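Chemist: Sending over my_file_35.tsv (TSV, C-alpha atoms).
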chain	number	residue	atom	x	y	z
P	940	MET	CA	26.73	57.92	203.34
P	941	ASP	CA	24.05	57.82	200.62
P	942	ALA	CA	23.51	61.56	201.01
P	943	ILE	CA	27.23	62.18	200.53
P	944	ASN	CA	27.31	59.98	197.42
P	945	THR	CA	24.26	61.79	196.04
P	946	GLN	CA	25.94	65.14	196.68
P	947	VAL	CA	29.19	64.02	195.02
P	948	THR	CA	27.30	62.65	192.00
P	949	PHE	CA	25.33	65.89	191.69
P	950	ASN	CA	28.46	68.04	191.95
P	951	GLN	CA	30.23	65.99	189.28
P	952	LEU	CA	27.23	66.17	186.95
P	953	ILE	CA	26.83	69.92	187.43
P	954	SER	CA	30.55	70.42	186.80
P	955	GLU	CA	30.30	68.48	183.53
P	956	LEU	CA	27.16	70.34	182.44
P	957	SER	CA	28.74	73.68	183.35
P	958	SER	CA	31.73	72.89	181.12
P	959	ARG	CA	29.39	71.91	178.31
P	960	LEU	CA	27.44	75.15	178.65
P	961	ILE	CA	30.61	77.24	178.56
P	962	ASN	CA	31.68	75.59	175.31
P	963	SER	CA	28.25	75.04	173.78
P	964	GLU	CA	26.94	76.62	170.61
P	965	PRO	CA	23.80	78.77	171.02
P	966	ALA	CA	21.69	75.99	169.46
P	967	GLU	CA	22.86	73.54	172.16
P	968	THR	CA	22.27	75.85	175.11
P	969	TYR	CA	18.56	75.09	175.54
P	970	GLU	CA	19.17	71.35	175.85
P	971	CYS	CA	22.03	71.89	178.33
P	972	ILE	CA	19.88	74.08	180.60
P	973	GLU	CA	17.18	71.39	180.53
P	974	GLU	CA	19.76	68.85	181.71
P	975	VAL	CA	20.96	71.18	184.49
P	976	ILE	CA	17.48	71.65	185.97
P	977	GLU	CA	16.77	67.93	185.62
P	978	ALA	CA	19.97	67.21	187.55
P	979	PHE	CA	18.95	69.53	190.38
P	980	GLY	CA	15.35	68.26	190.40
P	981	SER	CA	16.56	64.67	190.72
P	982	TYR	CA	19.10	65.61	193.40
P	983	ALA	CA	16.55	67.53	195.50
P	984	GLY	CA	13.78	64.98	195.04
P	985	ALA	CA	11.60	67.68	193.48
P	986	ASP	CA	8.58	67.03	191.31
P	987	ARG	CA	9.12	70.00	188.99
P	988	CYS	CA	12.09	72.21	188.21
P	989	TYR	CA	11.96	75.24	185.91
P	990	VAL	CA	13.45	78.46	184.61
P	991	PHE	CA	11.56	81.72	184.17
P	992	GLU	CA	12.89	84.76	182.32
P	993	PHE	CA	11.85	88.34	183.07
P	994	ASP	CA	11.38	91.08	180.54
P	995	ASP	CA	13.75	94.06	180.80
P	996	ALA	CA	11.40	95.96	183.13
P	997	VAL	CA	10.88	92.90	185.38
P	998	ILE	CA	7.10	93.21	185.15
P	999	ASN	CA	6.42	90.06	183.12
P	1000	MET	CA	7.88	86.58	183.30
P	1001	THR	CA	7.77	83.58	180.98
P	1002	ASN	CA	8.43	79.91	181.74
P	1003	THR	CA	11.19	79.00	179.25
P	1004	HIS	CA	12.41	75.62	180.58
P	1005	GLU	CA	10.71	72.91	182.62
P	1006	TRP	CA	11.58	69.46	183.91
P	1007	VAL	CA	8.76	67.32	185.34
P	1008	ARG	CA	9.13	64.02	187.15
P	1009	ASP	CA	7.31	61.13	185.47
P	1010	GLY	CA	3.65	61.06	186.38
P	1011	PHE	CA	3.38	64.77	187.20
P	1012	GLU	CA	1.66	67.55	185.26
P	1013	ALA	CA	3.66	70.09	183.23
P	1014	HIS	CA	2.69	73.79	183.39
P	1015	ILE	CA	5.06	75.49	180.94
P	1016	GLU	CA	2.29	76.08	178.40
P	1017	ASP	CA	0.04	77.99	180.82
P	1018	LEU	CA	2.84	80.01	182.43
P	1019	GLN	CA	3.66	82.34	179.55
P	1020	SER	CA	3.71	86.15	180.02
P	1021	VAL	CA	2.71	86.11	183.70
P	1022	GLY	CA	2.45	89.73	184.87
P	1023	ILE	CA	3.43	91.50	188.08
P	1024	ASN	CA	-0.26	92.09	188.83
P	1025	ASP	CA	-0.89	88.34	188.72
P	1026	LEU	CA	1.66	87.55	191.47
P	1027	PRO	CA	2.60	90.90	193.09
P	1028	TRP	CA	3.96	89.52	196.37
P	1029	PHE	CA	6.18	86.98	194.59
P	1030	PHE	CA	7.54	89.62	192.19
P	1031	ASP	CA	8.38	91.91	195.12
P	1032	GLU	CA	10.13	89.11	197.06
P	1033	ILE	CA	12.25	87.84	194.18
P	1034	LYS	CA	13.18	91.38	193.07
P	1035	THR	CA	14.09	92.45	196.61
P	1036	HIS	CA	15.82	89.34	197.95
P	1037	GLN	CA	16.53	87.28	194.80
P	1038	ILE	CA	15.39	84.22	196.73
P	1039	PHE	CA	11.93	82.84	197.52
P	1040	ILE	CA	11.52	79.90	199.91
P	1041	VAL	CA	8.18	78.47	201.02
P	1042	ASN	CA	8.24	75.22	202.98
P	1043	ASP	CA	4.46	75.14	203.40
P	1044	ILE	CA	2.18	77.24	201.19
P	1045	GLU	CA	-0.53	77.10	203.87
P	1046	LEU	CA	1.71	79.40	205.95
P	1047	LEU	CA	1.89	82.14	203.30
P	1048	PRO	CA	0.90	85.60	204.63
P	1049	PRO	CA	-2.47	87.16	203.73
P	1050	GLU	CA	-0.84	89.52	201.20
P	1051	ALA	CA	0.23	86.43	199.22
P	1052	SER	CA	-3.33	85.32	198.49
P	1053	ALA	CA	-2.82	85.42	194.70
P	1054	GLU	CA	0.34	83.35	195.04
P	1055	LYS	CA	-1.37	80.84	197.34
P	1056	GLN	CA	-4.22	80.44	194.84
P	1057	GLU	CA	-1.80	79.85	191.94
P	1058	PHE	CA	0.29	77.36	193.92
P	1059	LYS	CA	-2.86	75.42	194.82
P	1060	ARG	CA	-3.91	75.42	191.16
P	1061	GLU	CA	-0.58	73.75	190.37
P	1062	HIS	CA	-0.95	71.44	193.43
P	1063	ILE	CA	2.28	72.84	194.91
P	1064	LYS	CA	2.94	72.22	198.60
P	1065	SER	CA	6.52	73.58	198.88
P	1066	VAL	CA	8.52	75.79	196.52
P	1067	ILE	CA	11.96	77.38	196.25
P	1068	CYS	CA	13.17	79.95	193.69
P	1069	VAL	CA	16.58	81.64	193.29
P	1070	GLY	CA	17.17	84.71	191.14
P	1071	ILE	CA	19.27	84.50	187.99
P	1072	VAL	CA	21.48	87.59	188.14
P	1073	ALA	CA	24.11	88.75	185.64
P	1074	LYS	CA	25.93	92.09	185.80
P	1075	HIS	CA	23.63	93.19	188.66
P	1076	GLN	CA	20.56	92.62	186.48
P	1077	LEU	CA	17.80	90.20	187.46
P	1078	LEU	CA	17.22	88.11	184.33
P	1079	GLY	CA	14.86	85.56	185.82
P	1080	PHE	CA	14.88	82.73	188.34
P	1081	VAL	CA	15.32	78.98	188.63
P	1082	GLY	CA	13.04	77.11	190.96
P	1083	CYS	CA	11.50	73.80	191.89
P	1084	ASP	CA	8.55	72.55	193.87
P	1085	LYS	CA	7.13	69.59	195.69
P	1086	VAL	CA	3.64	68.42	194.79
P	1087	GLN	CA	3.12	65.25	196.81
P	1088	GLU	CA	4.36	66.48	200.18
P	1089	GLN	CA	5.64	69.48	202.07
P	1090	HIS	CA	9.40	69.87	202.26
P	1091	ARG	CA	11.77	71.92	204.39
P	1092	TRP	CA	14.47	73.13	202.00
P	1093	THR	CA	17.92	72.49	203.46
P	1094	PRO	CA	20.85	74.95	203.39
P	1095	GLU	CA	22.68	72.51	201.09
P	1096	GLU	CA	19.75	72.48	198.63
P	1097	VAL	CA	19.66	76.28	198.70
P	1098	ARG	CA	23.42	76.40	198.07
P	1099	CYS	CA	23.16	73.98	195.15
P	1100	LEU	CA	20.23	75.85	193.59
P	1101	LYS	CA	22.22	79.09	193.84
P	1102	LEU	CA	25.05	77.30	192.03
P	1103	VAL	CA	22.61	76.25	189.30
P	1104	ALA	CA	21.29	79.83	189.09
P	1105	ASN	CA	24.84	81.17	188.63
P	1106	ILE	CA	25.56	78.65	185.88
P	1107	ILE	CA	22.35	79.59	184.05
P	1108	ALA	CA	23.04	83.32	184.60
P	1109	ASN	CA	26.46	83.01	182.96
P	1110	THR	CA	24.92	81.05	180.10
P	1111	MET	CA	22.10	83.56	179.56
P	1112	GLU	CA	24.52	86.47	179.65
P	1113	ARG	CA	26.75	84.77	177.10
P	1114	GLN	CA	23.71	84.04	174.95
P	1115	ARG	CA	22.50	87.65	175.20
P	1116	THR	CA	25.96	88.92	174.30
P	1117	TYR	CA	26.00	86.54	171.34
P	1118	SER	CA	22.51	87.67	170.26
P	1119	GLU	CA	23.53	91.32	170.56
P	1120	LEU	CA	26.66	90.57	168.55
P	1121	ILE	CA	24.62	88.86	165.82
P	1122	HIS	CA	22.12	91.75	165.84
P	1123	THR	CA	24.94	94.29	165.57
P	1124	GLN	CA	26.54	92.27	162.78
P	1125	ARG	CA	23.26	92.15	160.85
P	1126	GLU	CA	22.70	95.87	161.33
P	1127	LEU	CA	26.21	96.54	160.03
P	1128	GLU	CA	25.61	94.27	157.04
P	1129	LYS	CA	22.34	96.08	156.37
P	1130	ALA	CA	24.06	99.46	156.64
P	1131	ASN	CA	26.82	98.28	154.32
P	1132	ARG	CA	24.25	97.07	151.78
P	1133	LEU	CA	22.52	100.45	151.94
P	1134	LEU	CA	25.83	102.25	151.55
P	1135	GLN	CA	26.77	99.99	148.66
P	1136	ALA	CA	23.41	100.69	147.04
P	1137	GLN	CA	23.90	104.43	147.50
P	1138	VAL	CA	27.40	104.25	146.03
P	1139	SER	CA	26.10	102.26	143.05
P	1140	GLN	CA	22.80	104.10	142.58
P	1141	ASP	CA	22.04	107.25	140.65
P	1142	GLY	CA	20.61	109.69	143.17
P	1143	LEU	CA	18.06	111.20	140.78
P	1144	THR	CA	16.64	108.29	138.80
P	1145	GLY	CA	17.17	105.44	141.27
P	1146	ILE	CA	18.74	103.14	138.68
P	1147	ALA	CA	22.41	102.15	138.64
P	1148	ASN	CA	25.08	104.79	138.05
P	1149	ARG	CA	28.26	104.94	135.96
P	1150	ARG	CA	30.31	103.25	138.68
P	1151	ALA	CA	27.94	100.30	138.82
P	1152	PHE	CA	27.94	100.08	135.02
P	1153	ASP	CA	31.74	99.87	134.91
P	1154	GLU	CA	31.64	96.94	137.34
P	1155	ARG	CA	28.68	95.17	135.72
P	1156	ILE	CA	29.90	95.27	132.12
P	1157	HIS	CA	33.22	93.79	133.27
P	1158	ASN	CA	31.34	90.91	134.93
P	1159	GLU	CA	29.01	90.39	131.96
P	1160	ILE	CA	31.93	90.20	129.53
P	1161	GLN	CA	33.52	87.55	131.77
P	1162	ARG	CA	30.25	85.60	131.74
P	1163	SER	CA	29.93	85.90	127.95
P	1164	MET	CA	33.50	84.66	127.55
P	1165	ARG	CA	32.75	81.59	129.69
P	1166	GLU	CA	29.48	80.82	127.95
P	1167	GLN	CA	30.57	82.05	124.50
P	1168	SER	CA	27.29	83.94	124.16
P	1169	PRO	CA	26.66	87.33	122.49
P	1170	LEU	CA	26.57	90.51	124.56
P	1171	SER	CA	24.90	93.79	123.55
P	1172	LEU	CA	25.61	97.31	124.75
P	1173	LEU	CA	23.13	100.11	124.06
P	1174	ILE	CA	23.77	103.83	124.59
P	1175	ILE	CA	20.60	105.90	124.82
P	1176	ASP	CA	20.61	109.69	124.47
P	1177	ILE	CA	17.61	111.98	124.99
P	1178	ASP	CA	17.15	114.11	121.88
P	1179	HIS	CA	17.57	117.90	122.28
P	1180	PHE	CA	17.54	117.62	126.07
P	1181	LYS	CA	19.24	120.99	126.57
P	1182	SER	CA	16.43	122.80	124.77
P	1183	PHE	CA	13.93	120.77	126.82
P	1184	ASN	CA	15.56	122.00	130.04
P	1185	ASP	CA	15.67	125.57	128.73
P	1186	SER	CA	11.97	125.47	127.85
P	1187	TYR	CA	10.48	123.59	130.78
P	1188	GLY	CA	13.01	124.11	133.58
P	1189	HIS	CA	15.23	121.75	135.49
P	1190	LEU	CA	12.44	120.25	137.61
P	1191	GLN	CA	10.66	119.04	134.48
P	1192	GLY	CA	14.02	117.98	133.10
P	1193	ASP	CA	14.66	115.85	136.18
P	1194	GLN	CA	11.20	114.32	135.86
P	1195	ALA	CA	11.88	113.48	132.21
P	1196	LEU	CA	15.12	111.72	133.18
P	1197	LYS	CA	13.22	109.69	135.78
P	1198	SER	CA	10.54	108.75	133.25
P	1199	VAL	CA	13.10	107.54	130.70
P	1200	ALA	CA	14.93	105.56	133.42
P	1201	ASN	CA	11.66	103.93	134.53
P	1202	ALA	CA	10.76	103.01	130.95
P	1203	MET	CA	14.16	101.35	130.53
P	1204	PHE	CA	13.88	99.55	133.86
P	1205	ASP	CA	10.42	98.23	132.93
P	1206	LEU	CA	11.63	96.97	129.55
P	1207	PHE	CA	14.81	95.20	130.62
P	1208	GLN	CA	13.49	92.85	133.30
P	1209	ARG	CA	15.71	89.76	133.04
P	1210	ASN	CA	18.21	89.14	135.82
P	1211	THR	CA	21.01	89.35	133.27
P	1212	ASP	CA	19.79	92.68	131.88
P	1213	PHE	CA	21.24	95.87	133.31
P	1214	VAL	CA	20.39	99.56	132.89
P	1215	ALA	CA	22.25	102.59	134.22
P	1216	ARG	CA	22.48	106.34	133.91
P	1217	TYR	CA	25.74	106.96	132.08
P	1218	GLY	CA	25.84	110.70	132.67
P	1219	GLY	CA	23.71	113.77	131.95
P	1220	GLU	CA	20.97	112.69	129.54
P	1221	GLU	CA	22.75	109.48	128.49
P	1222	PHE	CA	21.78	106.00	129.62
P	1223	VAL	CA	23.17	102.54	128.91
P	1224	ALA	CA	21.72	99.04	128.75
P	1225	VAL	CA	23.68	95.79	128.86
P	1226	ILE	CA	21.86	92.78	127.39
P	1227	SER	CA	23.38	89.33	127.95
P	1228	ALA	CA	22.67	86.05	126.12
P	1229	THR	CA	21.03	87.78	123.19
P	1230	ASN	CA	21.34	87.96	119.39
P	1231	LYS	CA	20.97	90.53	116.61
P	1232	GLU	CA	17.21	90.05	116.17
P	1233	LYS	CA	16.48	90.27	119.89
P	1234	THR	CA	18.70	93.34	120.34
P	1235	GLU	CA	17.07	95.13	117.39
P	1236	ALA	CA	13.67	94.27	118.86
P	1237	SER	CA	14.78	95.72	122.22
P	1238	ILE	CA	15.88	98.93	120.48
P	1239	HIS	CA	12.51	99.17	118.72
P	1240	HIS	CA	10.53	98.53	121.93
P	1241	LEU	CA	12.55	101.12	123.85
P	1242	LEU	CA	12.01	103.78	121.16
P	1243	GLU	CA	8.27	103.05	121.26
P	1244	SER	CA	8.18	103.10	125.08
P	1245	ILE	CA	9.73	106.57	125.20
P	1246	ARG	CA	7.40	107.86	122.48
P	1247	ALA	CA	4.44	106.41	124.39
P	1248	LEU	CA	5.32	108.56	127.41
P	1249	GLN	CA	4.10	111.55	125.36
P	1250	ILE	CA	6.26	113.99	127.32
P	1251	PRO	CA	5.65	117.38	125.60
P	1252	HIS	CA	8.69	118.90	123.87
P	1253	GLU	CA	7.45	121.83	121.78
P	1254	ASN	CA	10.95	123.02	120.81
P	1255	SER	CA	12.02	119.65	119.45
P	1256	GLU	CA	12.89	119.62	115.76
P	1257	ILE	CA	11.79	115.98	115.52
P	1258	ALA	CA	8.44	115.50	117.25
P	1259	PRO	CA	6.10	117.38	119.60
P	1260	TYR	CA	7.13	115.02	122.41
P	1261	LEU	CA	10.35	113.73	123.96
P	1262	THR	CA	12.31	111.15	121.93
P	1263	VAL	CA	15.61	109.30	122.21
P	1264	SER	CA	18.34	108.09	119.88
P	1265	ILE	CA	20.01	104.71	120.44
P	1266	GLY	CA	23.32	103.24	119.36
P	1267	GLY	CA	24.16	99.60	120.00
P	1268	TYR	CA	26.95	97.09	119.56
P	1269	LEU	CA	26.65	93.29	119.60
P	1270	HIS	CA	29.68	91.09	120.16
P	1271	THR	CA	30.64	87.60	121.34
P	1272	PRO	CA	33.84	88.06	123.40
P	1273	LYS	CA	36.76	85.76	122.65
P	1274	THR	CA	38.52	84.19	125.60
P	1275	ASP	CA	41.86	85.75	124.64
P	1276	GLU	CA	40.51	89.32	124.40
P	1277	SER	CA	41.50	91.90	127.00
P	1278	ILE	CA	38.40	92.83	128.98
P	1279	GLY	CA	39.54	96.42	129.47
P	1280	SER	CA	40.22	96.91	125.77
P	1281	LEU	CA	36.94	95.21	124.84
P	1282	ILE	CA	34.95	97.54	127.11
P	1283	ASP	CA	36.53	100.54	125.36
P	1284	THR	CA	35.77	98.99	121.96
P	1285	MET	CA	32.14	98.22	122.79
P	1286	ILE	CA	31.54	101.75	124.10
P	1287	ALA	CA	33.23	103.27	121.03
P	1288	LYS	CA	31.22	101.08	118.61
P	1289	ALA	CA	27.90	101.80	120.37
P	1290	ASP	CA	28.76	105.50	120.46
P	1291	SER	CA	29.51	105.41	116.74
P	1292	ALA	CA	26.11	103.83	116.05
P	1293	LEU	CA	24.50	106.51	118.24
P	1294	TYR	CA	26.26	109.23	116.23
P	1295	ARG	CA	24.81	107.78	113.01
P	1296	ALA	CA	21.33	107.70	114.55
P	1297	LYS	CA	21.63	111.37	115.45
P	1298	SER	CA	23.07	112.29	112.06
P	1299	ASP	CA	20.17	110.56	110.30
P	1300	GLY	CA	17.58	112.66	112.13
P	1301	ARG	CA	17.41	111.23	115.69
P	1302	ASN	CA	14.40	109.39	117.15
P	1303	ARG	CA	15.84	106.09	115.89
P	1304	GLY	CA	18.36	103.40	116.77
P	1305	TYR	CA	21.15	101.53	114.98
P	1306	LEU	CA	23.01	98.36	115.90
P	1307	ASP	CA	26.57	97.51	114.86
P	1308	ASP	CA	28.06	94.03	115.12
Take the structure I supplied and represent it as structure tokens, if you would.

Modeler:
Amino acid sequence: MDAINTQVTFNQLISELSSRLINSEPAETYECIEEVIEAFGSYAGADRCYVFEFDDAVINMTNTHEWVRDGFEAHIEDLQSVGINDLPWFFDEIKTHQIFIVNDIELLPPEASAEKQEFKREHIKSVICVGIVAKHQLLGFVGCDKVQEQHRWTPEEVRCLKLVANIIANTMERQRTYSELIHTQRELEKANRLLQAQVSQDGLTGIANRRAFDERIHNEIQRSMREQSPLSLLIIDIDHFKSFNDSYGHLQGDQALKSVANAMFDLFQRNTDFVARYGGEEFVAVISATNKEKTEASIHHLLESIRALQIPHENSEIAPYLTVSIGGYLHTPKTDESIGSLIDTMIAKADSALYRAKSDGRNRGYLDD
């Protein structure tokens, strides 16, 4: 009668744990599997119960879960990455039959000498293992052993351990599917970020493009409205760039564009600063939370940075090296202003200042406010 009660109690516990595993979050799965093997170990009177997982090629196995009865030694730490060459007979048996039953390790065949040696090291006298199989793939095995005495494993114990193996197999498959789903999701997110970067990035210079500028200036105006802080827009134009291209060729022209873009990127380093290629030889810079003095200083530093590049430009009417002209506009947006209209106004004002810089001889910058 006691055996029947024990069986009923075990079946009820396994049923409850199975339901928990089906509905568990990935973070809870480990603990649930530990409870499942503890339930079987207690039911079978085992001293240790454990789960091993194989690698995809089924040539290495790792002890991932272990329950040990009080007073007995755990072995999970020294059973990591056990190879097929360490226990060849066991690997062959579990791969071929998906079950491994030894009632007395002293009766192991001569070809199982490595297994017999390992079992003795762990003081095992009897052992049973059942394969964990999902979608016809051997994922690992669940097993238990007796240390104090030999034991003849009963058909009912084998049946129950197979039930435990099936529960763990379903859980592992669900977990693998979840992991693959998360991996796929992350890869898609990464691909989308790369695509977004490509859509928003100038292919030649590597800085932001016109599309990204249109989006960013809209956001920065919104921020300036909220904070009631000044916002500056600079338009930068390379002086006599057509004659530079005609003299030095398009490859050198492309390199000059990259150099100017890099100089701008190095100068405007704050998180709220933004630089972009506006088109052709024109660039833009958006400077948030600034003032007239800081913006004029930025214009001066940018002019000096481009001059310091010392890119030869023999046909320039201004200097023997490449220069730029800059037009800027500084404004504190009012909360009732139309953002679209304000963007047009800021571009027009900065462009007007740029026109004056060119008219006055280029290689200079002006700021309107």

Chemist: Counting only C-alpha atoms, figure out which residue out of P:Ala978, P:Asp1031, P:Val1138, P:Phe991 gets nearest to Leu1078 (chain P).

Modeler: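 Residue with the minimum atom-to-atom distance to Leu1078 (chain P): P:Phe991.
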
Chemist: Hey, what's within 12 Å of region 1270-1281 of chain P if we count only C-alpha atoms and toss same-chain stuff fewer than 2 positions away? As a VMD selection string, please?

Modeler: chain P and resid 1153 to 1154 1156 to 1173 1225 to 1231 1234 1267 to 1268 1283 to 1289 1306 to 1308

Chemist: Write out as a PDB file with C-alpha atoms, in the coordinates of the input the residues lying within 12 Å of Glu977 (chain P), counting only C-alpha atoms and excluding same-chain residues fewer than 5 positions away.

Modeler:
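So the final result, stored in selection_25.pdb, reads:
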ATOM      1  CA  PHE P 949      25.330  65.890 191.690  1.00  0.00           C
ATOM      2  CA  LEU P 952      27.230  66.170 186.950  1.00  0.00           C
ATOM      3  CA  ILE P 953      26.830  69.920 187.430  1.00  0.00           C
ATOM      4  CA  LEU P 956      27.160  70.340 182.440  1.00  0.00           C
ATOM      5  CA  GLU P 970      19.170  71.350 175.850  1.00  0.00           C
ATOM      6  CA  CYS P 971      22.030  71.890 178.330  1.00  0.00           C
ATOM      7  CA  ILE P 972      19.880  74.080 180.600  1.00  0.00           C
ATOM      8  CA  TYR P 982      19.100  65.610 193.400  1.00  0.00           C
ATOM      9  CA  ALA P 983      16.550  67.530 195.500  1.00  0.00           C
ATOM     10  CA  GLY P 984      13.780  64.980 195.040  1.00  0.00           C
ATOM     11  CA  ALA P 985      11.600  67.680 193.480  1.00  0.00           C
ATOM     12  CA  ASP P 986       8.580  67.030 191.310  1.00  0.00           C
ATOM     13  CA  ARG P 987       9.120  70.000 188.990  1.00  0.00           C
ATOM     14  CA  CYS P 988      12.090  72.210 188.210  1.00  0.00           C
ATOM     15  CA  TYR P 989      11.960  75.240 185.910  1.00  0.00           C
ATOM     16  CA  VAL P 990      13.450  78.460 184.610  1.00  0.00           C
ATOM     17  CA  HIS P1004      12.410  75.620 180.580  1.00  0.00           C
ATOM     18  CA  GLU P1005      10.710  72.910 182.620  1.00  0.00           C
ATOM     19  CA  TRP P1006      11.580  69.460 183.910  1.00  0.00           C
ATOM     20  CA  VAL P1007       8.760  67.320 185.340  1.00  0.00           C
ATOM     21  CA  ARG P1008       9.130  64.020 187.150  1.00  0.00           C
ATOM     22  CA  ASP P1009       7.310  61.130 185.470  1.00  0.00           C
ATOM     23  CA  VAL P1081      15.320  78.980 188.630  1.00  0.00           C
ATOM     24  CA  GLY P1082      13.040  77.110 190.960  1.00  0.00           C
ATOM     25  CA  CYS P1083      11.500  73.800 191.890  1.00  0.00           C
ATOM     26  CA  LEU P1100      20.230  75.850 193.590  1.00  0.00           C
ATOM     27  CA  VAL P1103      22.610  76.250 189.300  1.00  0.00           C
TER      28      VAL P1103
END

Chemist: Contacts of Ser1139 (chain P) at 8 Å or less, counting only C-alpha atoms, minus same-chain residues fewer than 4 places along, as a PDB file with C-alpha atoms, in the coordinates of the input?

Modeler:
ATOM      1  CA  GLN P1135      26.770  99.990 148.660  1.00  0.00           C
ATOM      2  CA  ALA P1147      22.410 102.150 138.640  1.00  0.00           C
ATOM      3  CA  ASN P1148      25.080 104.790 138.050  1.00  0.00           C
ATOM      4  CA  ARG P1149      28.260 104.940 135.960  1.00  0.00           C
ATOM      5  CA  ARG P1150      30.310 103.250 138.680  1.00  0.00           C
ATOM      6  CA  ALA P1151      27.940 100.300 138.820  1.00  0.00           C
TER       7      ALA P1151
END

Chemist: What is the distance, in Å and to one decimal place, between CA of Glu1096 (chain P) and CA of Phe1011 (chain P)?

Modeler: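 CA of Phe1011 (chain P) lies at a distance of 21.4 Å from CA of Glu1096 (chain P).
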
Chemist: So what do you get for CA of Gly1192 (chain P) versus CA of Ala1258 (chain P), distance-wise?

Modeler: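 That distance, rounded to one decimal, is 17.0 Å.
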
Chemist: Can you list, as an NGL selection string, every protein, DNA or RNA residue that comes within 12 Å of Pro1094 (chain P) when you count all atoms listed in the file, leaving out same-chain residues fewer than 4 positions away?

Modeler: :P and (983 or 1040 or 1067 or 1098-1101)

Chemist: So, with only C-alpha atoms as the atoms that count, which of P:Lys1074, P:Arg1113, P:Arg1303, P:Lys1197 lies closest to His1240 (chain P)?

Modeler: P:Arg1303

Chemist: Show me, as a list in words, the residues that have an atom within 9 Å of Asn1105 (chain P) when counting all atoms listed in the file, minus same-chain residues fewer than 5 positions from it.

Modeler: Gly1070, Ile1071, Val1072, Ala1073, Leu1100 and Thr1110 of chain P

Chemist: Go ahead and save the picked residues with C-alpha atoms, as an mmCIF file, in the frame of the given file.

Modeler:
data_model
loop_
_atom_site.group_PDB
_atom_site.id
_atom_site.type_symbol
_atom_site.label_atom_id
_atom_site.label_comp_id
_atom_site.auth_asym_id
_atom_site.auth_seq_id
_atom_site.Cartn_x
_atom_site.Cartn_y
_atom_site.Cartn_z
ATOM 1 C CA GLY P 1070 17.170 84.710 191.140
ATOM 2 C CA ILE P 1071 19.270 84.500 187.990
ATOM 3 C CA VAL P 1072 21.480 87.590 188.140
ATOM 4 C CA ALA P 1073 24.110 88.750 185.640
ATOM 5 C CA LEU P 1100 20.230 75.850 193.590
ATOM 6 C CA THR P 1110 24.920 81.050 180.100
#

Chemist: I'd like the interatomic distance between CA of Ala1051 (chain P) and CA of Glu1032 (chain P), to a tenth of an Å.

Modeler: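 If I compute the distance from CA of Ala1051 (chain P) to CA of Glu1032 (chain P), I get 10.5 Å.
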
Chemist: So, with only C-alpha atoms as the atoms that count, which of P:Gly1300, P:Pro1048, P:Gly1145, P:Gly1022 lies closest to Met1203 (chain P)?

Modeler: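 Smallest separation from Met1203 (chain P) among the options: P:Gly1145.
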
Chemist: Kindly indicate which residue among P:Ala1236, P:Asn1254, P:Gly980, P:Leu1261 lies nearest to Gly1304 (chain P), using only C-alpha atoms for the distances.

Modeler: P:Ala1236

Chemist: Report as JSON the centre and the edge lengths, in Å to one decimal, of the axis-aligned box holding every listed atom of region 1237-1247 of chain P, padded by 6 Å on each side.

Modeler:
{"center_x": 10.2, "center_y": 101.8, "center_z": 122.0, "size_x": 23.4, "size_y": 24.1, "size_z": 18.5}

Chemist: Taking all atoms listed in the file into account, name the residue in P:Ala996, P:Asn1042, P:Ala1104, P:His1014 that is nearest to Ile976 (chain P).

Modeler: P:Ala1104

Chemist: Nearest to Gln1087 (chain P): which of P:Ile998, P:Val1021, P:Val1066, P:Ala1130 is it, counting only C-alpha atoms?

Modeler: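 Counting only C-alpha atoms, the residue closest to Gln1087 (chain P) is P:Val1066.
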
Chemist: Using only C-alpha atoms, collect all residues at a distance of at most 9 Å from (22.3, 109.4, 113.6) as written in the file, then present them as a PyMOL selection string.

Modeler: chain P and resi 1264-1266+1291-1305

Chemist: Output region 1300-1307 of chain P with N, CA and C atoms present, as a compact mmCIF listing (two decimals), in the coordinates of the input.

Modeler:
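So the final result, stored in selection-v9.txt, reads:
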# COMPACT_ATOMS: atom_id res chain seq x y z
N GLY P 1300 18.82 112.00 111.75
CA GLY P 1300 17.58 112.66 112.13
C GLY P 1300 17.07 112.37 113.53
N ARG P 1301 17.80 111.57 114.31
CA ARG P 1301 17.41 111.23 115.69
C ARG P 1301 16.10 110.41 115.73
N ASN P 1302 15.64 110.14 116.95
CA ASN P 1302 14.40 109.39 117.15
C ASN P 1302 14.46 108.02 116.45
N ARG P 1303 15.63 107.38 116.53
CA ARG P 1303 15.84 106.09 115.89
C ARG P 1303 17.02 105.38 116.58
N GLY P 1304 17.25 104.13 116.20
CA GLY P 1304 18.36 103.40 116.77
C GLY P 1304 19.04 102.52 115.75
N TYR P 1305 20.36 102.39 115.87
CA TYR P 1305 21.15 101.53 114.98
C TYR P 1305 21.98 100.56 115.82
N LEU P 1306 22.22 99.39 115.23
CA LEU P 1306 23.01 98.36 115.90
C LEU P 1306 24.18 97.96 115.02
N ASP P 1307 25.38 98.01 115.55
CA ASP P 1307 26.57 97.51 114.86
C ASP P 1307 26.94 96.15 115.44
